[in-house]
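Peer 1: Got a structure for you, questions after.
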Amino acid sequence: MARPGTVPLLRQQTGYQAKIFFRTPIAAFFTLIFPLMLLFLFGALFGTGEIPELGITFVQFFTPALAVFSAANATFSNIGVGTAYQRDEGILKRVRGTPLPAWIFMGGKIVASTLIAAMSVVLMMGVGVLVYGIEVYPRTLPAATVTFLVGTACFASLGLLVAAVSPTGNAATAITNATLLPLAFLSGLFIPITDSSPAWLTTVADIFPLSYFHEAFAAAFLPGTTGTQFDWGSLGYMALWGVVALLLGIRWFKWEKPVSSGRRAKVKTQS
Amino acid sequence: MPAIEIRGLTKSYGEVEAVRGIDLTVEEGEVFALLGPNGAGKTTTVEILEGHRTSTSGEVTVLGHDPARGEIEFQDRVGIVLQETSVEAELTVREALTIYGGAYSKRLEPQRLVEIVGLNEKVDARIGTLSGGQKRRLELALGIVGDPDLIFLDEPTTGFDPSARREAWSVIDNLRSLGKTILLTTHYMDEAQNLSDRVAVIANGLIVAEGTPETLGGRELSASKASFATPAGVSVPFDHAIEGDRIVVELTDPARQLHEVTGWALEAGVDLDDLSVSRPSLEDVYLALTEDT
């Protein structure tokens, strides 16, 4: 009997990661339900009124913004935190002792979280259309889809990087929360950034990939445009972030948690 | 070709020398126990053989491979039961066995695996609901999911109650009868004695004795001892020692000495209460070998 091929293995790993996700109610809640709650909250607060500086309605603005937040959260947080906890529990070490190639293990995580991100985005946009009557345009859907794929790939790579640099699962939770939430505010996902916002806000936000994800995705849902709305500059910038994060994540990745107990407490360096 | 060959293996963590020069050969089909107290270097040695750690110096060949290279062909033939790991609580036993078996070229069916380790009635239970002993059995099953030629068992029964240990031993006996080579570490003498064909005692990163459980540390050459409860009011005419309330006779010439003891007992009307004749136990040998550590 030969070893199974790459495709069946990747499919099996993806199914396994998705199964774990859906059997962890807290993760499923924060990824799929919590962003929807924000949408309903914003909808109740601001309704379908217009944002004067931007000339679009609040819901037309918030729905794609929260979809981006969901997608980033589904990949970045789930991969970063989930993988770090698996290292705490020795699961990564067990996996490394099997003939499963490391990249298929990580690939399963990335594909599963991308599918979950897609679910959360479709859910968000669907609710936006059905409940708040936001506008979507067939013309711009290819750009929205490509932006989604590039953005989730970028944030999946960043999740891998967080898993690589976090000594524990708790540290990974702290790192993802302390980065994603403030960046979501800075990048105008929760509060629209207008010309009257302080300039430093945009300067800081423009370093990180979340504002580009937002800008490129929201461009596909702007009323009154005529083109396909591909934002190649933003896509390229996210791809650059993604590649750098992926390379560093692979380089720094550890399959075992740092030894910290017993006689090996004296360890200074360990390969 | 031996299954495992180790020459001059050392491993240092910073300034701590965990393994200080080990030579060892394990033949195919053998059950070999690495016996030693905690911190002796057992786990470090086994994890180097598994490919989880790299050595500081020395040569290691396992099934013809250098385990440090992490080759898939090597991992495909080796089964590992680690200490201190867990399995995803969200999965069922059957799912975990299917997923972890997924990448091996030979696979044992989940149903067969749960029969070997005695988890039949839990095959569809979530792993989070298993007891500690059941989880350890699942780990044994995960260790053999790829029908390996060589199995590493790192302290397979630590933390078990006596009946769970007996059950685990019978599982390991099943694996032996399948013709597997097994390297196990333990700090229980009786475990090494019951399970293994050969034992190496490791202390302070060095192997201090090696042999079969019967011959370890020159045990088969050591004199047996006869002992019985000290009788009241009679004097003992032959050489003896007194340990607590017992008379102990070292049997350098057993037939003649035992004849002398029983002849004296009949004449003096002594019952020889609680008589025992025994060789030093593996435990005595082990404690003598590792007492400096």
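Residue numbers start at 1 in each chain; chains themselves are named A, B, ... in the order of the structure tokens; ligands are numbered from 1 in the order shown.
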May I have the residues within 10 Å of Val201 of chain B as a PyMOL selection string, using only C-alpha atoms and disregarding those fewer than 4 positions away in the same chain?
Peer 2: chain B and resi 33-37+40+42+185-187+189+192+206-211+216-217+285-286+289-290
Peer 1: I need the alpha helix (DSSP H) residues of segment 89-213 of chain A per DSSP on the backbone, written as a PyMOL selection string.
Peer 2: chain A and resi 91-96+102-132+141-165+169-186+199-205+209-213
Peer 1: May I ask you to extract the residues of chain B within 6 Å of chain A, using only C-alpha atoms, and to give them as a list in words?
Peer 2: Tyr13, Gly14, Ile72, Gln75, Asp76, Thr85, Ser86, Glu90, Ala103, Tyr104 and Ser105 of chain B
Peer 1: Keeping only N, CA, C and O atoms, write the selected residues as a short mmCIF file (atom, residue, chain, number, x, y, z; two decimals), in the first residue's frame.
Peer 2:
data_model
loop_
_atom_site.label_atom_id
_atom_site.label_comp_id
_atom_site.auth_asym_id
_atom_site.auth_seq_id
_atom_site.Cartn_x
_atom_site.Cartn_y
_atom_site.Cartn_z
N TYR B 13 22.07 20.18 27.37
CA TYR B 13 21.20 21.35 27.31
C TYR B 13 21.95 22.46 28.01
O TYR B 13 22.04 22.45 29.24
N GLY B 14 22.52 23.39 27.27
CA GLY B 14 23.36 24.39 27.90
C GLY B 14 24.49 23.68 28.62
O GLY B 14 25.25 22.93 28.01
N ILE B 72 10.23 11.11 5.86
CA ILE B 72 8.88 10.54 5.89
C ILE B 72 8.96 9.01 5.85
O ILE B 72 8.18 8.33 6.52
N GLN B 75 9.49 8.03 9.43
CA GLN B 75 8.30 8.23 10.25
C GLN B 75 7.20 7.23 9.92
O GLN B 75 6.39 6.85 10.76
N ASP B 76 7.20 6.78 8.66
CA ASP B 76 6.18 5.83 8.21
C ASP B 76 6.32 4.47 8.90
O ASP B 76 5.35 3.72 8.99
N THR B 85 1.24 14.16 26.39
CA THR B 85 0.62 14.78 25.23
C THR B 85 -0.87 14.57 25.38
O THR B 85 -1.33 13.83 26.22
N SER B 86 -1.62 15.24 24.55
CA SER B 86 -3.04 14.95 24.56
C SER B 86 -3.51 14.85 23.13
O SER B 86 -2.78 15.13 22.19
N GLU B 90 -12.18 17.24 21.05
CA GLU B 90 -13.41 17.40 20.26
C GLU B 90 -13.67 16.21 19.35
O GLU B 90 -14.79 16.06 18.85
N ALA B 103 -1.82 9.37 7.00
CA ALA B 103 -0.64 9.59 6.17
C ALA B 103 0.27 8.36 6.07
O ALA B 103 1.27 8.40 5.36
N TYR B 104 -0.06 7.28 6.77
CA TYR B 104 0.82 6.09 6.74
C TYR B 104 0.54 5.24 5.51
O TYR B 104 -0.58 5.21 4.99
N SER B 105 1.58 4.52 5.06
CA SER B 105 1.36 3.64 3.91
C SER B 105 0.63 2.36 4.33
O SER B 105 -0.14 1.81 3.58
#
Peer 1: Neighbours of segment 225-236 of chain B within 10 Å (only C-alpha atoms; same-chain residues fewer than 2 positions away dropped), as a PyMOL selection string?
Peer 2: chain B and resi 222-223+238-252+254+257-258+261+264-265+268-280
Peer 1: May I have the selected residues written with C-alpha atoms, as a short mmCIF file (atom, residue, chain, number, x, y, z; two decimals), in the first residue's frame?
Peer 2:
data_model
loop_
_atom_site.label_atom_id
_atom_site.label_comp_id
_atom_site.auth_asym_id
_atom_site.auth_seq_id
_atom_site.Cartn_x
_atom_site.Cartn_y
_atom_site.Cartn_z
CA SER B 222 24.53 -13.50 43.35
CA ALA B 223 23.93 -15.84 46.23
CA PHE B 238 25.56 -22.08 61.64
CA ASP B 239 26.75 -18.81 60.08
CA HIS B 240 23.92 -16.32 59.83
CA ALA B 241 22.99 -12.68 59.95
CA ILE B 242 20.12 -11.10 61.86
CA GLU B 243 17.89 -8.65 59.99
CA GLY B 244 15.16 -7.31 62.22
CA ASP B 245 13.40 -10.30 63.70
CA ARG B 246 14.65 -12.69 61.02
CA ILE B 247 17.60 -15.01 60.67
CA VAL B 248 19.22 -14.71 57.23
CA VAL B 249 21.59 -17.28 55.76
CA GLU B 250 23.56 -16.50 52.63
CA LEU B 251 23.53 -19.66 50.50
CA THR B 252 26.96 -20.00 48.92
CA PRO B 254 22.73 -24.13 48.85
CA GLN B 257 23.51 -25.36 53.83
CA LEU B 258 19.77 -25.94 53.44
CA VAL B 261 19.33 -25.70 58.39
CA TRP B 264 19.01 -28.46 62.84
CA ALA B 265 15.34 -27.37 62.79
CA ALA B 268 15.73 -28.53 67.87
CA GLY B 269 11.98 -28.66 67.19
CA VAL B 270 12.00 -25.29 65.39
CA ASP B 271 9.13 -24.69 62.93
CA LEU B 272 11.08 -22.35 60.59
CA ASP B 273 8.11 -19.97 60.58
CA ASP B 274 7.75 -17.84 57.45
CA LEU B 275 10.65 -19.54 55.64
CA SER B 276 11.68 -18.01 52.34
CA VAL B 277 14.47 -18.72 49.88
CA SER B 278 15.07 -16.00 47.31
CA ARG B 279 17.53 -14.45 44.96
CA PRO B 280 18.02 -10.69 45.06
#
Peer 1: To test your reading of the structure, identify every residue in segment 133-222 of chain B that backbone DSSP assigns to strand (DSSP E), and report it as number ranges by chain.
Peer 2: B: 150-154, 181-186, 198-203, 206-211
Peer 1: Could you write out that same residue set with N, CA, C and O atoms as a JSON list (two decimals), in the first residue's frame?
Peer 2:
[["chain", "number", "residue", "atom", "x", "y", "z"],
["B", 150, "LEU", "N", 8.70, -0.54, 14.43],
["B", 150, "LEU", "CA", 9.37, -0.19, 15.70],
["B", 150, "LEU", "C", 8.47, 0.75, 16.48],
["B", 150, "LEU", "O", 7.94, 1.72, 15.93],
["B", 151, "ILE", "N", 8.30, 0.46, 17.77],
["B", 151, "ILE", "CA", 7.42, 1.28, 18.61],
["B", 151, "ILE", "C", 8.22, 1.83, 19.78],
["B", 151, "ILE", "O", 8.93, 1.09, 20.46],
["B", 152, "PHE", "N", 8.10, 3.14, 20.00],
["B", 152, "PHE", "CA", 8.69, 3.76, 21.18],
["B", 152, "PHE", "C", 7.59, 4.01, 22.20],
["B", 152, "PHE", "O", 6.57, 4.64, 21.89],
["B", 153, "LEU", "N", 7.79, 3.53, 23.40],
["B", 153, "LEU", "CA", 6.81, 3.75, 24.46],
["B", 153, "LEU", "C", 7.52, 4.47, 25.60],
["B", 153, "LEU", "O", 8.32, 3.88, 26.31],
["B", 154, "ASP", "N", 7.23, 5.77, 25.75],
["B", 154, "ASP", "CA", 7.90, 6.52, 26.80],
["B", 154, "ASP", "C", 7.03, 6.50, 28.06],
["B", 154, "ASP", "O", 6.00, 7.17, 28.10],
["B", 181, "THR", "N", 9.30, -4.60, 17.14],
["B", 181, "THR", "CA", 10.39, -4.20, 18.01],
["B", 181, "THR", "C", 9.87, -3.09, 18.90],
["B", 181, "THR", "O", 9.21, -2.16, 18.41],
["B", 182, "ILE", "N", 10.13, -3.20, 20.19],
["B", 182, "ILE", "CA", 9.60, -2.19, 21.12],
["B", 182, "ILE", "C", 10.73, -1.68, 22.00],
["B", 182, "ILE", "O", 11.48, -2.46, 22.58],
["B", 183, "LEU", "N", 10.85, -0.35, 22.06],
["B", 183, "LEU", "CA", 11.76, 0.26, 23.02],
["B", 183, "LEU", "C", 10.89, 1.01, 24.02],
["B", 183, "LEU", "O", 10.17, 1.94, 23.64],
["B", 184, "LEU", "N", 10.94, 0.61, 25.28],
["B", 184, "LEU", "CA", 10.13, 1.31, 26.26],
["B", 184, "LEU", "C", 11.02, 1.87, 27.36],
["B", 184, "LEU", "O", 12.08, 1.33, 27.66],
["B", 185, "THR", "N", 10.59, 2.99, 27.92],
["B", 185, "THR", "CA", 11.29, 3.52, 29.09],
["B", 185, "THR", "C", 10.36, 3.36, 30.27],
["B", 185, "THR", "O", 9.13, 3.39, 30.13],
["B", 186, "THR", "N", 10.95, 3.17, 31.42],
["B", 186, "THR", "CA", 10.12, 3.02, 32.62],
["B", 186, "THR", "C", 10.98, 3.29, 33.84],
["B", 186, "THR", "O", 12.21, 3.17, 33.78],
["B", 198, "ARG", "N", 15.29, -7.62, 27.14],
["B", 198, "ARG", "CA", 16.55, -7.09, 27.67],
["B", 198, "ARG", "C", 16.29, -5.74, 28.33],
["B", 198, "ARG", "O", 15.39, -5.00, 27.94],
["B", 199, "VAL", "N", 17.17, -5.42, 29.29],
["B", 199, "VAL", "CA", 17.03, -4.19, 30.06],
["B", 199, "VAL", "C", 18.38, -3.47, 30.08],
["B", 199, "VAL", "O", 19.42, -4.12, 30.20],
["B", 200, "ALA", "N", 18.34, -2.14, 29.94],
["B", 200, "ALA", "CA", 19.54, -1.36, 30.24],
["B", 200, "ALA", "C", 19.15, -0.40, 31.35],
["B", 200, "ALA", "O", 18.10, 0.24, 31.29],
["B", 201, "VAL", "N", 19.98, -0.34, 32.39],
["B", 201, "VAL", "CA", 19.72, 0.61, 33.47],
["B", 201, "VAL", "C", 20.50, 1.87, 33.18],
["B", 201, "VAL", "O", 21.71, 1.82, 32.92],
["B", 202, "ILE", "N", 19.82, 3.00, 33.19],
["B", 202, "ILE", "CA", 20.45, 4.27, 32.88],
["B", 202, "ILE", "C", 20.36, 5.16, 34.11],
["B", 202, "ILE", "O", 19.33, 5.22, 34.78],
["B", 203, "ALA", "N", 21.48, 5.77, 34.44],
["B", 203, "ALA", "CA", 21.51, 6.67, 35.60],
["B", 203, "ALA", "C", 22.49, 7.78, 35.27],
["B", 203, "ALA", "O", 23.59, 7.51, 34.77],
["B", 206, "LEU", "N", 24.23, 7.80, 31.84],
["B", 206, "LEU", "CA", 25.11, 6.70, 31.44],
["B", 206, "LEU", "C", 24.40, 5.37, 31.66],
["B", 206, "LEU", "O", 23.57, 5.25, 32.56],
["B", 207, "ILE", "N", 24.76, 4.37, 30.84],
["B", 207, "ILE", "CA", 24.21, 3.04, 31.07],
["B", 207, "ILE", "C", 25.10, 2.33, 32.09],
["B", 207, "ILE", "O", 26.31, 2.18, 31.89],
["B", 208, "VAL", "N", 24.50, 1.95, 33.20],
["B", 208, "VAL", "CA", 25.30, 1.36, 34.28],
["B", 208, "VAL", "C", 25.19, -0.16, 34.30],
["B", 208, "VAL", "O", 25.99, -0.82, 34.97],
["B", 209, "ALA", "N", 24.24, -0.73, 33.59],
["B", 209, "ALA", "CA", 24.15, -2.19, 33.52],
["B", 209, "ALA", "C", 23.24, -2.54, 32.36],
["B", 209, "ALA", "O", 22.37, -1.76, 31.96],
["B", 210, "GLU", "N", 23.48, -3.71, 31.78],
["B", 210, "GLU", "CA", 22.68, -4.15, 30.65],
["B", 210, "GLU", "C", 22.60, -5.65, 30.67],
["B", 210, "GLU", "O", 23.58, -6.33, 30.99],
["B", 211, "GLY", "N", 21.43, -6.22, 30.38],
["B", 211, "GLY", "CA", 21.31, -7.68, 30.36],
["B", 211, "GLY", "C", 19.86, -8.08, 30.30],
["B", 211, "GLY", "O", 18.98, -7.24, 30.14]]
Peer 1: Which residues come within 12 Å of Val136 of chain A, counting only C-alpha atoms, excluding same-chain residues fewer than 4 positions away, as a PyMOL selection string?
Peer 2: chain A and resi 60-61+63-64+122+125-126+128-130+132+140-142+144+217-225
Peer 1: For the selection you just gave me, I'd like the residues written to a file as a short mmCIF file (atom, residue, chain, number, x, y, z; two decimals), in the first residue's frame, keeping N, CA, C and O atoms.
Peer 2:
data_model
loop_
_atom_site.label_atom_id
_atom_site.label_comp_id
_atom_site.auth_asym_id
_atom_site.auth_seq_id
_atom_site.Cartn_x
_atom_site.Cartn_y
_atom_site.Cartn_z
N GLN A 60 -24.46 50.31 4.25
CA GLN A 60 -23.65 50.02 3.06
C GLN A 60 -22.17 50.12 3.40
O GLN A 60 -21.34 49.41 2.84
N PHE A 61 -21.84 50.97 4.36
CA PHE A 61 -20.46 51.09 4.80
C PHE A 61 -20.07 49.94 5.74
O PHE A 61 -19.01 49.32 5.58
N THR A 63 -21.42 46.91 6.45
CA THR A 63 -21.51 45.49 6.12
C THR A 63 -20.22 44.95 5.51
O THR A 63 -19.67 43.97 6.03
N PRO A 64 -19.68 45.57 4.45
CA PRO A 64 -18.39 45.05 3.95
C PRO A 64 -17.26 45.20 4.97
O PRO A 64 -16.38 44.33 5.04
N VAL A 122 -20.08 35.52 3.49
CA VAL A 122 -21.35 35.31 2.79
C VAL A 122 -22.52 35.57 3.74
O VAL A 122 -23.52 36.21 3.39
N MET A 125 -22.71 39.46 4.28
CA MET A 125 -23.23 40.17 3.12
C MET A 125 -24.69 39.79 2.88
O MET A 125 -25.52 40.63 2.51
N GLY A 126 -25.01 38.50 3.09
CA GLY A 126 -26.38 38.03 2.90
C GLY A 126 -27.34 38.73 3.85
O GLY A 126 -28.41 39.20 3.44
N GLY A 128 -26.79 41.57 5.24
CA GLY A 128 -26.81 42.98 4.81
C GLY A 128 -27.83 43.20 3.71
O GLY A 128 -28.60 44.16 3.74
N VAL A 129 -27.84 42.28 2.73
CA VAL A 129 -28.77 42.42 1.60
C VAL A 129 -30.21 42.20 2.07
O VAL A 129 -31.10 42.99 1.76
N LEU A 130 -30.41 41.10 2.82
CA LEU A 130 -31.77 40.71 3.16
C LEU A 130 -32.39 41.61 4.22
O LEU A 130 -33.56 41.97 4.14
N TYR A 132 -30.96 44.74 5.50
CA TYR A 132 -30.77 46.18 5.37
C TYR A 132 -30.82 46.66 3.93
O TYR A 132 -30.64 47.85 3.67
N THR A 140 -18.74 43.81 -9.82
CA THR A 140 -17.58 43.93 -8.93
C THR A 140 -17.32 42.66 -8.11
O THR A 140 -16.38 42.62 -7.32
N LEU A 141 -18.17 41.63 -8.30
CA LEU A 141 -17.98 40.44 -7.48
C LEU A 141 -16.63 39.73 -7.72
O LEU A 141 -16.03 39.21 -6.77
N PRO A 142 -16.12 39.70 -8.99
CA PRO A 142 -14.78 39.11 -9.15
C PRO A 142 -13.73 39.83 -8.31
O PRO A 142 -12.90 39.18 -7.67
N ALA A 144 -14.25 41.50 -5.54
CA ALA A 144 -14.51 41.19 -4.13
C ALA A 144 -13.96 39.81 -3.78
O ALA A 144 -13.35 39.61 -2.72
N PHE A 217 -11.82 45.73 -0.45
CA PHE A 217 -13.09 45.00 -0.41
C PHE A 217 -14.26 45.99 -0.46
O PHE A 217 -15.24 45.78 -1.20
N ALA A 218 -14.16 47.08 0.29
CA ALA A 218 -15.25 48.06 0.32
C ALA A 218 -15.43 48.73 -1.04
O ALA A 218 -16.55 49.10 -1.41
N ALA A 219 -14.33 48.84 -1.80
CA ALA A 219 -14.42 49.47 -3.12
C ALA A 219 -15.40 48.73 -4.02
O ALA A 219 -16.05 49.33 -4.89
N ALA A 220 -15.53 47.42 -3.79
CA ALA A 220 -16.44 46.62 -4.61
C ALA A 220 -17.90 46.87 -4.24
O ALA A 220 -18.79 46.43 -4.95
N PHE A 221 -18.14 47.54 -3.13
CA PHE A 221 -19.53 47.75 -2.70
C PHE A 221 -19.85 49.23 -2.58
O PHE A 221 -20.78 49.63 -1.90
N LEU A 222 -19.06 50.06 -3.28
CA LEU A 222 -19.34 51.49 -3.32
C LEU A 222 -20.39 51.77 -4.38
O LEU A 222 -20.24 51.35 -5.54
N PRO A 223 -21.43 52.48 -4.02
CA PRO A 223 -22.43 52.82 -5.03
C PRO A 223 -21.83 53.83 -6.02
O PRO A 223 -20.90 54.57 -5.68
N GLY A 224 -22.33 53.81 -7.23
CA GLY A 224 -21.99 54.85 -8.21
C GLY A 224 -20.70 54.61 -8.96
O GLY A 224 -20.21 55.48 -9.66
N THR A 225 -20.09 53.42 -8.83
CA THR A 225 -18.88 53.16 -9.62
C THR A 225 -19.29 52.48 -10.91
O THR A 225 -20.40 51.97 -11.06
#
Peer 1: Within 12 Å of Thr173 of chain A, counting only C-alpha atoms, which residues qualify if same-chain residues fewer than 3 places away don't, as a list of chain:residue names?
Peer 2: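 Listed by chain and then number, they are A:Ala27, A:Asn73, A:Phe76, A:Ser77, A:Asn78, A:Ile79, A:Gly80, A:Val81, A:Gly82, A:Thr83, A:Ala84, A:Tyr85, A:Gly159, A:Val162, A:Ala163, A:Val165, A:Ser166, A:Pro167, A:Thr168, A:Gly169, A:Asn170, A:Thr176, A:Asn177, A:Ala178, A:Thr179, A:Leu180, A:Leu181.
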Peer 1: Write the residues you've just listed into a file as an mmCIF file, in the first residue's frame, and include C-alpha atoms for each of them.
Peer 2:
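Once written, part02.cif looks like this:
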data_model
loop_
_atom_site.group_PDB
_atom_site.id
_atom_site.type_symbol
_atom_site.label_atom_id
_atom_site.label_comp_id
_atom_site.auth_asym_id
_atom_site.auth_seq_id
_atom_site.Cartn_x
_atom_site.Cartn_y
_atom_site.Cartn_z
ATOM 1 C CA ALA A 27 -14.600 29.781 18.378
ATOM 2 C CA ASN A 73 -10.606 37.120 12.477
ATOM 3 C CA PHE A 76 -5.641 35.326 11.800
ATOM 4 C CA SER A 77 -7.105 34.530 15.231
ATOM 5 C CA ASN A 78 -8.144 30.953 14.614
ATOM 6 C CA ILE A 79 -4.844 29.874 13.111
ATOM 7 C CA GLY A 80 -2.702 31.880 15.532
ATOM 8 C CA VAL A 81 -4.501 30.924 18.717
ATOM 9 C CA GLY A 82 -5.567 27.414 17.703
ATOM 10 C CA THR A 83 -2.089 26.365 16.622
ATOM 11 C CA ALA A 84 -0.427 27.781 19.729
ATOM 12 C CA TYR A 85 -2.855 25.879 21.975
ATOM 13 C CA GLY A 159 -1.792 33.826 12.038
ATOM 14 C CA VAL A 162 1.642 34.672 15.624
ATOM 15 C CA ALA A 163 1.628 30.923 16.346
ATOM 16 C CA VAL A 165 6.305 33.642 17.982
ATOM 17 C CA SER A 166 3.841 32.909 20.816
ATOM 18 C CA PRO A 167 5.352 30.776 23.578
ATOM 19 C CA THR A 168 1.868 29.677 24.736
ATOM 20 C CA GLY A 169 -1.746 29.670 23.618
ATOM 21 C CA ASN A 170 -2.534 32.383 26.155
ATOM 22 C CA THR A 176 -4.206 38.557 18.361
ATOM 23 C CA ASN A 177 -6.575 40.590 20.546
ATOM 24 C CA ALA A 178 -4.038 43.362 21.079
ATOM 25 C CA THR A 179 -3.395 43.682 17.358
ATOM 26 C CA LEU A 180 -6.610 42.935 15.481
ATOM 27 C CA LEU A 181 -9.049 44.996 17.552
#
Peer 1: Record the distance separating atom CA of Gly179 of chain B and atom CA of Thr98 of chain B, expressed in Å with one decimal.
Peer 2: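 Taking atom CA of Gly179 of chain B as the start and atom CA of Thr98 of chain B as the end point, the length is 23.3 Å.
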Peer 1: Extract, using only C-alpha atoms, all DNA, RNA and protein residues at most 12 Å from Met238 of chain A, discarding same-chain residues fewer than 2 positions from it, and format them as JSON, numbers by chain.
Peer 2: {"A": [146, 147, 148, 149, 150, 151, 152, 153, 154, 155, 156, 157, 158, 206, 207, 208, 209, 210, 211, 212, 213, 214, 215, 216, 231, 232, 233, 234, 235, 236, 240, 241, 242, 243, 244, 245]}
Peer 1: For Ala118 of chain A, find every residue with an atom within 10 Å (counting only C-alpha atoms), except residues of its own chain fewer than 5 positions away, and show them as a PDB file with N, CA and C atoms, in the first residue's frame.
Peer 2:
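Wrote selection.pdb, looks like this:
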ATOM      1  N   ALA A  67     -17.550  42.399   7.262  1.00  0.00           N
ATOM      2  CA  ALA A  67     -17.181  41.173   6.544  1.00  0.00           C
ATOM      3  C   ALA A  67     -15.672  41.013   6.526  1.00  0.00           C
ATOM      4  N   SER A  70     -14.600  39.904   9.948  1.00  0.00           N
ATOM      5  CA  SER A  70     -14.879  38.471  10.116  1.00  0.00           C
ATOM      6  C   SER A  70     -13.825  37.623   9.427  1.00  0.00           C
ATOM      7  N   ALA A  71     -13.497  37.990   8.200  1.00  0.00           N
ATOM      8  CA  ALA A  71     -12.556  37.185   7.417  1.00  0.00           C
ATOM      9  C   ALA A  71     -11.167  37.211   8.052  1.00  0.00           C
ATOM     10  N   ALA A  74     -11.352  35.146  11.255  1.00  0.00           N
ATOM     11  CA  ALA A  74     -11.487  33.707  11.015  1.00  0.00           C
ATOM     12  C   ALA A  74     -10.141  33.080  10.656  1.00  0.00           C
ATOM     13  N   ALA A 112      -9.153  25.274   5.711  1.00  0.00           N
ATOM     14  CA  ALA A 112     -10.358  25.222   6.555  1.00  0.00           C
ATOM     15  C   ALA A 112     -10.721  26.618   7.035  1.00  0.00           C
ATOM     16  N   SER A 113      -9.737  27.406   7.474  1.00  0.00           N
ATOM     17  CA  SER A 113     -10.104  28.715   8.002  1.00  0.00           C
ATOM     18  C   SER A 113     -10.519  29.659   6.875  1.00  0.00           C
ATOM     19  N   LEU A 123     -22.359  35.095   4.972  1.00  0.00           N
ATOM     20  CA  LEU A 123     -23.392  35.310   5.990  1.00  0.00           C
ATOM     21  C   LEU A 123     -23.602  36.804   6.218  1.00  0.00           C
ATOM     22  N   MET A 124     -22.487  37.526   6.388  1.00  0.00           N
ATOM     23  CA  MET A 124     -22.558  38.958   6.661  1.00  0.00           C
ATOM     24  C   MET A 124     -23.188  39.712   5.488  1.00  0.00           C
ATOM     25  N   THR A 145     -14.149  38.841  -4.713  1.00  0.00           N
ATOM     26  CA  THR A 145     -13.687  37.480  -4.457  1.00  0.00           C
ATOM     27  C   THR A 145     -12.160  37.416  -4.395  1.00  0.00           C
ATOM     28  N   PHE A 148     -10.965  39.004  -1.289  1.00  0.00           N
ATOM     29  CA  PHE A 148     -11.182  38.090  -0.166  1.00  0.00           C
ATOM     30  C   PHE A 148     -10.066  37.047  -0.099  1.00  0.00           C
ATOM     31  N   LEU A 149      -9.727  36.443  -1.252  1.00  0.00           N
ATOM     32  CA  LEU A 149      -8.730  35.371  -1.255  1.00  0.00           C
ATOM     33  C   LEU A 149      -7.339  35.886  -0.867  1.00  0.00           C
ATOM     34  N   THR A 152      -7.488  36.919   2.975  1.00  0.00           N
ATOM     35  CA  THR A 152      -7.469  35.803   3.920  1.00  0.00           C
ATOM     36  C   THR A 152      -6.125  35.085   3.875  1.00  0.00           C
TER      37      THR A 152
END
